[in-house]
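Text of target.pdb (PDB, C-alpha atoms, pLDDT in the B column) as supplied:
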ATOM      1  CA  MET V   2     135.213  66.550 -36.106  1.00 41.00           C
ATOM      2  CA  ARG V   3     138.546  65.766 -34.505  1.00 42.00           C
ATOM      3  CA  ALA V   4     139.911  67.700 -31.587  1.00 42.00           C
ATOM      4  CA  GLU V   5     143.015  69.738 -32.155  1.00 41.00           C
ATOM      5  CA  ASP V   6     146.076  67.981 -30.839  1.00 41.00           C
ATOM      6  CA  GLY V   7     149.765  68.482 -31.288  1.00 40.00           C
ATOM      7  CA  ALA V   8     151.870  70.496 -33.699  1.00 44.00           C
ATOM      8  CA  ALA V   9     150.187  69.130 -36.821  1.00 55.00           C
ATOM      9  CA  SER V  10     147.022  70.959 -35.891  1.00 62.00           C
ATOM     10  CA  GLY V  11     148.308  74.520 -35.560  1.00 84.00           C
ATOM     11  CA  ALA V  12     146.073  77.314 -36.797  1.00 91.00           C
ATOM     12  CA  ILE V  13     145.798  77.982 -40.525  1.00 91.00           C
ATOM     13  CA  ARG V  14     145.346  81.704 -41.048  1.00 92.00           C
ATOM     14  CA  VAL V  15     143.085  82.797 -43.862  1.00 92.00           C
ATOM     15  CA  ARG V  16     142.498  86.395 -44.884  1.00 91.00           C
ATOM     16  CA  VAL V  17     138.865  87.156 -45.589  1.00 91.00           C
ATOM     17  CA  ASP V  18     137.168  90.305 -46.850  1.00 88.00           C
ATOM     18  CA  ALA V  19     135.786  92.263 -43.852  1.00 90.00           C
ATOM     19  CA  ASP V  20     132.453  92.631 -45.685  1.00 90.00           C
ATOM     20  CA  LEU V  21     131.977  88.881 -45.332  1.00 93.00           C
ATOM     21  CA  GLU V  22     132.414  88.822 -41.554  1.00 95.00           C
ATOM     22  CA  GLU V  23     128.705  88.841 -40.781  1.00 94.00           C
ATOM     23  CA  LEU V  24     128.167  85.921 -43.166  1.00 95.00           C
ATOM     24  CA  MET V  25     130.820  83.750 -41.573  1.00 95.00           C
ATOM     25  CA  PRO V  26     128.915  82.172 -38.639  1.00 95.00           C
ATOM     26  CA  ARG V  27     126.280  80.887 -41.050  1.00 95.00           C
ATOM     27  CA  PHE V  28     128.885  79.779 -43.575  1.00 96.00           C
ATOM     28  CA  MET V  29     130.737  77.757 -40.910  1.00 95.00           C
ATOM     29  CA  GLU V  30     127.497  76.301 -39.570  1.00 95.00           C
ATOM     30  CA  ASN V  31     126.615  75.167 -43.094  1.00 96.00           C
ATOM     31  CA  ARG V  32     130.018  73.500 -43.404  1.00 96.00           C
ATOM     32  CA  ARG V  33     129.430  71.558 -40.173  1.00 95.00           C
ATOM     33  CA  ALA V  34     126.110  70.449 -41.653  1.00 96.00           C
ATOM     34  CA  ASP V  35     127.941  69.411 -44.848  1.00 97.00           C
ATOM     35  CA  ILE V  36     130.357  67.264 -42.853  1.00 97.00           C
ATOM     36  CA  ALA V  37     127.482  65.536 -41.063  1.00 97.00           C
ATOM     37  CA  ALA V  38     125.682  65.025 -44.399  1.00 97.00           C
ATOM     38  CA  ILE V  39     128.791  63.561 -46.048  1.00 97.00           C
ATOM     39  CA  GLU V  40     129.404  61.264 -43.068  1.00 97.00           C
ATOM     40  CA  SER V  41     125.931  59.777 -43.192  1.00 97.00           C
ATOM     41  CA  ALA V  42     125.988  59.560 -47.003  1.00 98.00           C
ATOM     42  CA  LEU V  43     129.314  57.703 -46.788  1.00 97.00           C
ATOM     43  CA  ALA V  44     127.849  55.242 -44.310  1.00 96.00           C
ATOM     44  CA  ALA V  45     124.945  54.659 -46.714  1.00 97.00           C
ATOM     45  CA  ARG V  46     127.253  54.572 -49.781  1.00 96.00           C
ATOM     46  CA  ASP V  47     125.143  57.365 -51.206  1.00 97.00           C
ATOM     47  CA  PHE V  48     127.732  58.803 -53.596  1.00 98.00           C
ATOM     48  CA  GLU V  49     125.207  61.009 -55.415  1.00 96.00           C
ATOM     49  CA  THR V  50     124.583  63.008 -52.243  1.00 97.00           C
ATOM     50  CA  ILE V  51     128.319  63.281 -51.598  1.00 97.00           C
ATOM     51  CA  ALA V  52     128.870  64.563 -55.167  1.00 96.00           C
ATOM     52  CA  THR V  53     126.088  67.143 -54.771  1.00 94.00           C
ATOM     53  CA  VAL V  54     127.439  68.437 -51.453  1.00 95.00           C
ATOM     54  CA  ALA V  55     130.983  68.513 -52.860  1.00 96.00           C
ATOM     55  CA  HIS V  56     129.812  70.387 -55.954  1.00 93.00           C
ATOM     56  CA  GLY V  57     128.265  73.089 -53.774  1.00 93.00           C
ATOM     57  CA  LEU V  58     131.403  73.356 -51.633  1.00 95.00           C
ATOM     58  CA  LYS V  59     133.571  73.644 -54.727  1.00 94.00           C
ATOM     59  CA  GLY V  60     131.522  76.562 -56.039  1.00 92.00           C
ATOM     60  CA  SER V  61     131.347  78.571 -52.813  1.00 91.00           C
ATOM     61  CA  GLY V  62     134.525  77.887 -50.764  1.00 95.00           C
ATOM     62  CA  GLY V  63     136.895  80.014 -52.830  1.00 94.00           C
ATOM     63  CA  GLY V  64     134.388  82.853 -53.123  1.00 94.00           C
ATOM     64  CA  TYR V  65     134.406  83.211 -49.344  1.00 95.00           C
ATOM     65  CA  GLY V  66     138.195  83.185 -49.390  1.00 94.00           C
ATOM     66  CA  PHE V  67     138.799  79.511 -48.644  1.00 95.00           C
ATOM     67  CA  ASP V  68     140.628  78.193 -51.678  1.00 95.00           C
ATOM     68  CA  ALA V  69     141.481  75.043 -49.690  1.00 96.00           C
ATOM     69  CA  ILE V  70     137.778  74.196 -49.341  1.00 97.00           C
ATOM     70  CA  THR V  71     137.364  74.376 -53.116  1.00 96.00           C
ATOM     71  CA  ARG V  72     140.513  72.270 -53.596  1.00 96.00           C
ATOM     72  CA  ILE V  73     139.334  69.576 -51.129  1.00 97.00           C
ATOM     73  CA  ALA V  74     135.835  69.639 -52.643  1.00 97.00           C
ATOM     74  CA  ILE V  75     137.217  68.991 -56.144  1.00 96.00           C
ATOM     75  CA  ALA V  76     138.939  65.848 -54.828  1.00 97.00           C
ATOM     76  CA  LEU V  77     135.801  64.839 -52.916  1.00 97.00           C
ATOM     77  CA  GLU V  78     133.554  65.259 -55.961  1.00 96.00           C
ATOM     78  CA  ARG V  79     135.941  63.140 -58.045  1.00 96.00           C
ATOM     79  CA  ALA V  80     136.032  60.454 -55.342  1.00 98.00           C
ATOM     80  CA  ALA V  81     132.218  60.409 -55.199  1.00 97.00           C
ATOM     81  CA  LYS V  82     131.929  60.127 -58.985  1.00 96.00           C
ATOM     82  CA  ALA V  83     134.431  57.252 -58.917  1.00 97.00           C
ATOM     83  CA  ARG V  84     132.392  55.739 -56.043  1.00 97.00           C
ATOM     84  CA  SER V  85     135.550  55.458 -53.970  1.00 97.00           C
ATOM     85  CA  ARG V  86     134.654  55.270 -50.318  1.00 96.00           C
ATOM     86  CA  ALA V  87     138.286  55.387 -49.194  1.00 97.00           C
ATOM     87  CA  ARG V  88     139.123  58.511 -51.164  1.00 97.00           C
ATOM     88  CA  ALA V  89     135.891  60.220 -50.155  1.00 97.00           C
ATOM     89  CA  GLN V  90     136.672  59.444 -46.503  1.00 97.00           C
ATOM     90  CA  GLN V  91     140.153  60.913 -46.969  1.00 97.00           C
ATOM     91  CA  SER V  92     138.761  64.170 -48.371  1.00 98.00           C
ATOM     92  CA  LEU V  93     136.147  64.331 -45.642  1.00 97.00           C
ATOM     93  CA  ASP V  94     138.857  63.956 -42.976  1.00 97.00           C
ATOM     94  CA  GLU V  95     140.922  66.633 -44.679  1.00 97.00           C
ATOM     95  CA  LEU V  96     137.959  69.010 -44.748  1.00 97.00           C
ATOM     96  CA  ALA V  97     137.173  68.400 -41.064  1.00 96.00           C
ATOM     97  CA  ARG V  98     140.822  68.974 -40.097  1.00 95.00           C
ATOM     98  CA  TYR V  99     140.972  72.135 -42.150  1.00 96.00           C
ATOM     99  CA  LEU V 100     137.797  73.573 -40.613  1.00 95.00           C
ATOM    100  CA  ALA V 101     139.028  72.748 -37.110  1.00 94.00           C
ATOM    101  CA  ARG V 102     142.298  74.618 -37.704  1.00 94.00           C
ATOM    102  CA  VAL V 103     141.226  77.578 -39.801  1.00 94.00           C
ATOM    103  CA  GLU V 104     141.573  80.974 -38.194  1.00 94.00           C
ATOM    104  CA  ILE V 105     140.026  83.916 -40.014  1.00 94.00           C
ATOM    105  CA  VAL V 106     141.667  87.308 -40.234  1.00 93.00           C
ATOM    106  CA  TYR V 107     139.292  89.964 -41.584  1.00 93.00           C
ATOM    107  CA  GLU V 108     140.763  92.716 -43.662  1.00 89.00           C
TER     108      GLU V 108
ATOM    109  CA  MET A  23     116.646 104.155 -73.966  1.00 47.00           C
ATOM    110  CA  LEU A  24     114.108 106.814 -73.088  1.00 49.00           C
ATOM    111  CA  SER A  25     115.369 110.331 -73.584  1.00 47.00           C
ATOM    112  CA  ILE A  26     113.683 113.318 -72.039  1.00 47.00           C
ATOM    113  CA  SER A  27     114.469 116.714 -73.465  1.00 46.00           C
ATOM    114  CA  SER A  28     114.968 119.409 -70.909  1.00 44.00           C
ATOM    115  CA  ASN A  29     115.823 123.085 -71.048  1.00 45.00           C
ATOM    116  CA  ARG A  30     117.951 122.610 -67.977  1.00 46.00           C
ATOM    117  CA  PRO A  31     120.538 119.995 -68.732  1.00 43.00           C
ATOM    118  CA  SER A  32     121.954 120.328 -65.212  1.00 43.00           C
ATOM    119  CA  GLU A  33     118.778 118.652 -63.958  1.00 43.00           C
ATOM    120  CA  LYS A  34     119.423 115.542 -65.971  1.00 48.00           C
ATOM    121  CA  ALA A  35     118.066 112.556 -64.048  1.00 52.00           C
ATOM    122  CA  ALA A  36     120.501 110.198 -62.383  1.00 57.00           C
ATOM    123  CA  PRO A  37     120.867 106.974 -64.370  1.00 65.00           C
ATOM    124  CA  ARG A  38     118.451 104.257 -63.292  1.00 74.00           C
ATOM    125  CA  ALA A  39     120.065 101.582 -61.113  1.00 85.00           C
ATOM    126  CA  LEU A  40     121.093  98.468 -62.991  1.00 92.00           C
ATOM    127  CA  ARG A  41     118.759  95.593 -62.162  1.00 94.00           C
ATOM    128  CA  VAL A  42     120.215  92.113 -61.918  1.00 96.00           C
ATOM    129  CA  LEU A  43     118.274  88.868 -61.603  1.00 97.00           C
ATOM    130  CA  LEU A  44     120.330  86.254 -59.753  1.00 98.00           C
ATOM    131  CA  VAL A  45     119.079  82.719 -60.298  1.00 97.00           C
ATOM    132  CA  GLU A  46     121.009  80.607 -57.797  1.00 96.00           C
ATOM    133  CA  ASP A  47     119.898  77.850 -55.414  1.00 93.00           C
ATOM    134  CA  SER A  48     122.834  77.865 -52.986  1.00 93.00           C
ATOM    135  CA  PRO A  49     122.142  80.048 -49.921  1.00 93.00           C
ATOM    136  CA  ASP A  50     125.916  80.341 -49.408  1.00 95.00           C
ATOM    137  CA  ASN A  51     126.277  81.950 -52.822  1.00 95.00           C
ATOM    138  CA  GLN A  52     123.099  84.028 -52.509  1.00 96.00           C
ATOM    139  CA  PHE A  53     124.454  85.697 -49.356  1.00 95.00           C
ATOM    140  CA  LEU A  54     127.941  85.960 -50.807  1.00 96.00           C
ATOM    141  CA  PHE A  55     126.881  87.680 -54.038  1.00 96.00           C
ATOM    142  CA  ARG A  56     124.651  90.094 -52.120  1.00 95.00           C
ATOM    143  CA  ALA A  57     127.609  91.024 -49.913  1.00 95.00           C
ATOM    144  CA  PHE A  58     129.799  91.439 -53.011  1.00 95.00           C
ATOM    145  CA  ILE A  59     127.570  94.188 -54.424  1.00 93.00           C
ATOM    146  CA  LYS A  60     126.631  95.825 -51.118  1.00 91.00           C
ATOM    147  CA  LYS A  61     128.644  98.953 -51.878  1.00 89.00           C
ATOM    148  CA  THR A  62     127.398  99.341 -55.448  1.00 92.00           C
ATOM    149  CA  PRO A  63     124.217 101.082 -56.642  1.00 91.00           C
ATOM    150  CA  TRP A  64     123.011  97.903 -58.361  1.00 93.00           C
ATOM    151  CA  GLU A  65     119.801  96.129 -57.420  1.00 94.00           C
ATOM    152  CA  MET A  66     119.742  92.360 -57.251  1.00 96.00           C
ATOM    153  CA  GLU A  67     116.600  90.247 -57.189  1.00 96.00           C
ATOM    154  CA  LEU A  68     116.886  86.592 -56.227  1.00 97.00           C
ATOM    155  CA  ALA A  69     115.266  83.477 -57.654  1.00 97.00           C
ATOM    156  CA  GLU A  70     116.137  80.152 -56.028  1.00 95.00           C
ATOM    157  CA  ASN A  71     115.591  77.915 -59.036  1.00 96.00           C
ATOM    158  CA  GLY A  72     115.130  78.113 -62.802  1.00 96.00           C
ATOM    159  CA  ALA A  73     111.328  78.008 -62.713  1.00 96.00           C
ATOM    160  CA  ILE A  74     111.131  80.969 -60.323  1.00 97.00           C
ATOM    161  CA  GLY A  75     113.807  82.694 -62.402  1.00 97.00           C
ATOM    162  CA  VAL A  76     111.744  82.408 -65.597  1.00 97.00           C
ATOM    163  CA  GLU A  77     108.631  83.677 -63.804  1.00 97.00           C
ATOM    164  CA  LYS A  78     110.469  86.681 -62.357  1.00 97.00           C
ATOM    165  CA  PHE A  79     112.114  87.407 -65.678  1.00 97.00           C
ATOM    166  CA  GLN A  80     108.751  87.526 -67.438  1.00 96.00           C
ATOM    167  CA  THR A  81     107.125  89.801 -64.894  1.00 96.00           C
ATOM    168  CA  GLY A  82     110.029  92.056 -63.915  1.00 94.00           C
ATOM    169  CA  HIS A  83     112.466  94.154 -65.835  1.00 91.00           C
ATOM    170  CA  TYR A  84     116.123  93.228 -65.696  1.00 96.00           C
ATOM    171  CA  ASP A  85     119.263  94.477 -67.394  1.00 95.00           C
ATOM    172  CA  LEU A  86     121.244  91.330 -66.666  1.00 96.00           C
ATOM    173  CA  VAL A  87     120.556  87.758 -65.592  1.00 97.00           C
ATOM    174  CA  ILE A  88     123.166  85.742 -63.696  1.00 96.00           C
ATOM    175  CA  MET A  89     122.165  82.111 -63.862  1.00 95.00           C
ATOM    176  CA  ASP A  90     123.517  79.094 -62.028  1.00 93.00           C
ATOM    177  CA  MET A  91     123.384  75.990 -64.205  1.00 91.00           C
ATOM    178  CA  GLN A  92     122.901  73.198 -61.673  1.00 88.00           C
ATOM    179  CA  MET A  93     119.682  73.809 -59.757  1.00 87.00           C
ATOM    180  CA  PRO A  94     116.724  71.758 -58.515  1.00 88.00           C
ATOM    181  CA  VAL A  95     113.203  72.004 -60.046  1.00 92.00           C
ATOM    182  CA  MET A  96     114.432  73.625 -63.286  1.00 92.00           C
ATOM    183  CA  ASP A  97     118.110  73.838 -64.182  1.00 92.00           C
ATOM    184  CA  GLY A  98     119.819  76.809 -65.779  1.00 93.00           C
ATOM    185  CA  TYR A  99     119.942  75.346 -69.292  1.00 93.00           C
ATOM    186  CA  THR A 100     116.166  74.848 -69.403  1.00 95.00           C
ATOM    187  CA  ALA A 101     115.535  78.252 -67.809  1.00 96.00           C
ATOM    188  CA  MET A 102     117.775  80.000 -70.365  1.00 96.00           C
ATOM    189  CA  ARG A 103     116.144  78.268 -73.321  1.00 95.00           C
ATOM    190  CA  THR A 104     112.713  79.150 -71.911  1.00 97.00           C
ATOM    191  CA  ILE A 105     113.720  82.805 -71.494  1.00 97.00           C
ATOM    192  CA  ARG A 106     115.193  82.996 -75.020  1.00 96.00           C
ATOM    193  CA  GLN A 107     112.080  81.451 -76.558  1.00 96.00           C
ATOM    194  CA  TRP A 108     109.803  83.790 -74.615  1.00 97.00           C
ATOM    195  CA  GLU A 109     111.832  86.818 -75.744  1.00 96.00           C
ATOM    196  CA  ARG A 110     111.491  85.714 -79.385  1.00 96.00           C
ATOM    197  CA  GLU A 111     107.735  85.207 -79.006  1.00 96.00           C
ATOM    198  CA  GLN A 112     107.407  88.643 -77.397  1.00 95.00           C
ATOM    199  CA  GLY A 113     109.633  90.270 -80.010  1.00 95.00           C
ATOM    200  CA  ARG A 114     111.981  91.503 -77.293  1.00 94.00           C
ATOM    201  CA  ALA A 115     115.689  92.096 -77.573  1.00 94.00           C
ATOM    202  CA  PRO A 116     117.659  89.414 -75.727  1.00 95.00           C
ATOM    203  CA  THR A 117     118.680  90.374 -72.189  1.00 95.00           C
ATOM    204  CA  PRO A 118     122.300  89.490 -71.400  1.00 95.00           C
ATOM    205  CA  ILE A 119     122.589  86.237 -69.456  1.00 96.00           C
ATOM    206  CA  VAL A 120     125.771  85.114 -67.721  1.00 95.00           C
ATOM    207  CA  ALA A 121     125.958  81.407 -66.914  1.00 93.00           C
ATOM    208  CA  LEU A 122     127.571  80.463 -63.602  1.00 92.00           C
ATOM    209  CA  THR A 123     128.800  76.988 -62.907  1.00 89.00           C
ATOM    210  CA  ALA A 124     131.187  75.063 -60.708  1.00 86.00           C
ATOM    211  CA  ASN A 125     132.010  72.858 -63.709  1.00 81.00           C
ATOM    212  CA  SER A 126     135.083  74.018 -65.577  1.00 73.00           C
ATOM    213  CA  LEU A 127     134.642  71.517 -68.393  1.00 74.00           C
ATOM    214  CA  GLN A 128     134.681  72.873 -71.936  1.00 78.00           C
ATOM    215  CA  GLU A 129     131.651  70.714 -72.700  1.00 79.00           C
ATOM    216  CA  MET A 130     129.634  72.588 -70.063  1.00 80.00           C
ATOM    217  CA  ALA A 131     130.666  75.948 -71.501  1.00 81.00           C
ATOM    218  CA  GLU A 132     129.504  74.873 -74.942  1.00 85.00           C
ATOM    219  CA  LYS A 133     126.225  73.556 -73.551  1.00 85.00           C
ATOM    220  CA  SER A 134     125.597  76.872 -71.776  1.00 85.00           C
ATOM    221  CA  LEU A 135     126.383  78.926 -74.858  1.00 85.00           C
ATOM    222  CA  ALA A 136     124.101  76.687 -76.926  1.00 85.00           C
ATOM    223  CA  ALA A 137     121.280  77.308 -74.429  1.00 86.00           C
ATOM    224  CA  GLY A 138     121.600  81.040 -75.062  1.00 88.00           C
ATOM    225  CA  CYS A 139     123.971  82.674 -72.570  1.00 90.00           C
ATOM    226  CA  ASN A 140     126.236  85.583 -73.505  1.00 90.00           C
ATOM    227  CA  ALA A 141     129.075  84.580 -71.209  1.00 88.00           C
ATOM    228  CA  TYR A 142     130.140  81.696 -69.060  1.00 89.00           C
ATOM    229  CA  VAL A 143     131.856  82.047 -65.680  1.00 90.00           C
ATOM    230  CA  THR A 144     133.245  79.342 -63.416  1.00 90.00           C
ATOM    231  CA  LYS A 145     132.612  79.387 -59.657  1.00 90.00           C
ATOM    232  CA  PRO A 146     134.148  80.046 -57.189  1.00 91.00           C
ATOM    233  CA  ILE A 147     134.165  83.700 -58.080  1.00 93.00           C
ATOM    234  CA  SER A 148     135.882  86.514 -56.149  1.00 92.00           C
ATOM    235  CA  ARG A 149     134.354  89.884 -55.369  1.00 93.00           C
ATOM    236  CA  ASP A 150     136.561  91.615 -57.946  1.00 93.00           C
ATOM    237  CA  GLN A 151     135.536  89.149 -60.639  1.00 93.00           C
ATOM    238  CA  PHE A 152     131.858  89.421 -59.753  1.00 95.00           C
ATOM    239  CA  VAL A 153     131.828  93.216 -59.655  1.00 94.00           C
ATOM    240  CA  SER A 154     133.784  93.637 -62.883  1.00 92.00           C
ATOM    241  CA  LEU A 155     131.509  91.121 -64.585  1.00 92.00           C
ATOM    242  CA  ILE A 156     128.398  93.170 -63.723  1.00 94.00           C
ATOM    243  CA  ARG A 157     130.178  96.435 -64.506  1.00 91.00           C
ATOM    244  CA  GLN A 158     130.721  95.335 -68.119  1.00 89.00           C
ATOM    245  CA  TYR A 159     126.965  95.042 -68.556  1.00 86.00           C
ATOM    246  CA  ALA A 160     126.206  98.148 -66.489  1.00 81.00           C
ATOM    247  CA  GLU A 161     128.227 100.203 -68.942  1.00 77.00           C
ATOM    248  CA  ARG A 162     126.457  98.681 -71.906  1.00 72.00           C
ATOM    249  CA  ALA A 163     123.016  99.291 -70.370  1.00 66.00           C
ATOM    250  CA  ARG A 164     123.571 103.056 -70.123  1.00 59.00           C
TER     251      ARG A 164
END

This structure in structure tokens:
Amino acid sequence: MRAEDGAASGAIRVRVDADLEELMPRFMENRRADIAAIESALAARDFETIATVAHGLKGSGGGYGFDAITRIAIALERAAKARSRARAQQSLDELARYLARVEIVYE
Amino acid sequence: MLSISSNRPSEKAAPRALRVLLVEDSPDNQFLFRAFIKKTPWEMELAENGAIGVEKFQTGHYDLVIMDMQMPVMDGYTAMRTIRQWEREQGRAPTPIVALTANSLQEMAEKSLAAGCNAYVTKPISRDQFVSLIRQYAERAR
């Protein structure tokens, strides 16, 4: 994951249901695992694995309050199905940037 | 529904808690859906794939099944067809099944309905959507 640098990487505030607070450390840890899994699948051109991971992200991101994760995952799943390494890499970078910048406000 | 006559209607038993069987392989969604219903009186049992879901369905008693479609070991379509066939063989009334999927394609909705679900819902799903979905069936089960 890239380090935050400069104005382009300011915090993105997301409002999340307070009842989900205790689930969040695990959710974020699972997303870091997803990024690692997508990275190694990309290196191996294993688009099936990328599509599976993206499908899972698509179905859970928005439920936790992260509509952007679902949006990025839709693009990633499409890229994987089209076997486009460049587009998959783009979505992966976008996901990593998003996760680095997201700041959760519980309410 | 079982009705017990009583001379003291004020002692009428509280309605039995609605029992939901959630068949879902994603731990993220398992934890999420549990948190969604934390403040409700509903009980939710978990099965992490279709095969376990069918087994639990046959041995437990559920008012509603919420079934993910894409799962390892046995997917939701096969699990639903297996449940529907078993209910027919047992002469049981069909239990409501709601299909859950991250695929919004019309084709997937038709495939789920053909496999025997009563409703089809696309993930991601918010707490309000999830709770109102179960509430519809909770009211019917009374």

Chain V residues near chain A (6 Å cut-off, all atoms listed in the file) as a count of residues only
4

Between atom CA of Ile13 of chain V and atom CA of Leu100 of chain V, distance in Å (one decimal):
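If I compute the distance from atom CA of Ile13 of chain V to atom CA of Leu100 of chain V, I get 9.1 Å.
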
Residue members of the PyMOL selection byres ((chain V and resi 40) around 12) in the file shown, as a ChimeraX atom specification:
/V:2,33-39,41-48,50-51,54,86,89-94,96-97

Suppose you want the space between atom CA of Trp64 of chain A and atom CA of Glu108 of chain V; what is it in Å?
23.6 Å

What gap, in Å, lies between atom CA of Asp68 of chain V and atom CA of Ser154 of chain A?
20.3 Å

Would you compute, for all listed atoms of segment 96-108 of chain A, the axis-aligned bounding box grown by 4 Å on each side, and then report its centre and edge lengths in Å rounded to one decimal, as JSON?
{"center_x": 114.9, "center_y": 78.7, "center_z": -69.9, "size_x": 18.1, "size_y": 18.2, "size_z": 21.3}

So which residues get picked by the PyMOL selection byres ((chain A and resi 65) around 9) here, written as a compact mmCIF listing (two decimals) with C-alpha atoms, in the coordinates of the input?
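Wrote selection-v7.txt, looks like this:
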# COMPACT_ATOMS: atom_id res chain seq x y z
CA ALA A 39 120.06 101.58 -61.11
CA LEU A 40 121.09 98.47 -62.99
CA ARG A 41 118.76 95.59 -62.16
CA VAL A 42 120.22 92.11 -61.92
CA LEU A 43 118.27 88.87 -61.60
CA ILE A 59 127.57 94.19 -54.42
CA THR A 62 127.40 99.34 -55.45
CA PRO A 63 124.22 101.08 -56.64
CA TRP A 64 123.01 97.90 -58.36
CA MET A 66 119.74 92.36 -57.25
CA GLU A 67 116.60 90.25 -57.19

Check what the PyMOL selection byres ((chain V and resi 18) around 6) selects in the file above and give those residues as a list in words.
Val17, Ala19, Asp20, Leu21, Tyr107 and Glu108 of chain V

Top pick for closest residue to Val106 of chain V, considering V:Asn31, V:Ala52, V:Arg16, V:Gly11 and counting only C-alpha atoms:
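When distances to Val106 of chain V are compared using only C-alpha atoms, the smallest one comes from V:Arg16.
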
Just the residues within 10 Å of segment 112-116 of chain A, please, counting only C-alpha atoms, with nothing from its chain fewer than 6 positions along; format it as a ChimeraX atom specification.
/A:85-86,105-106,138-140
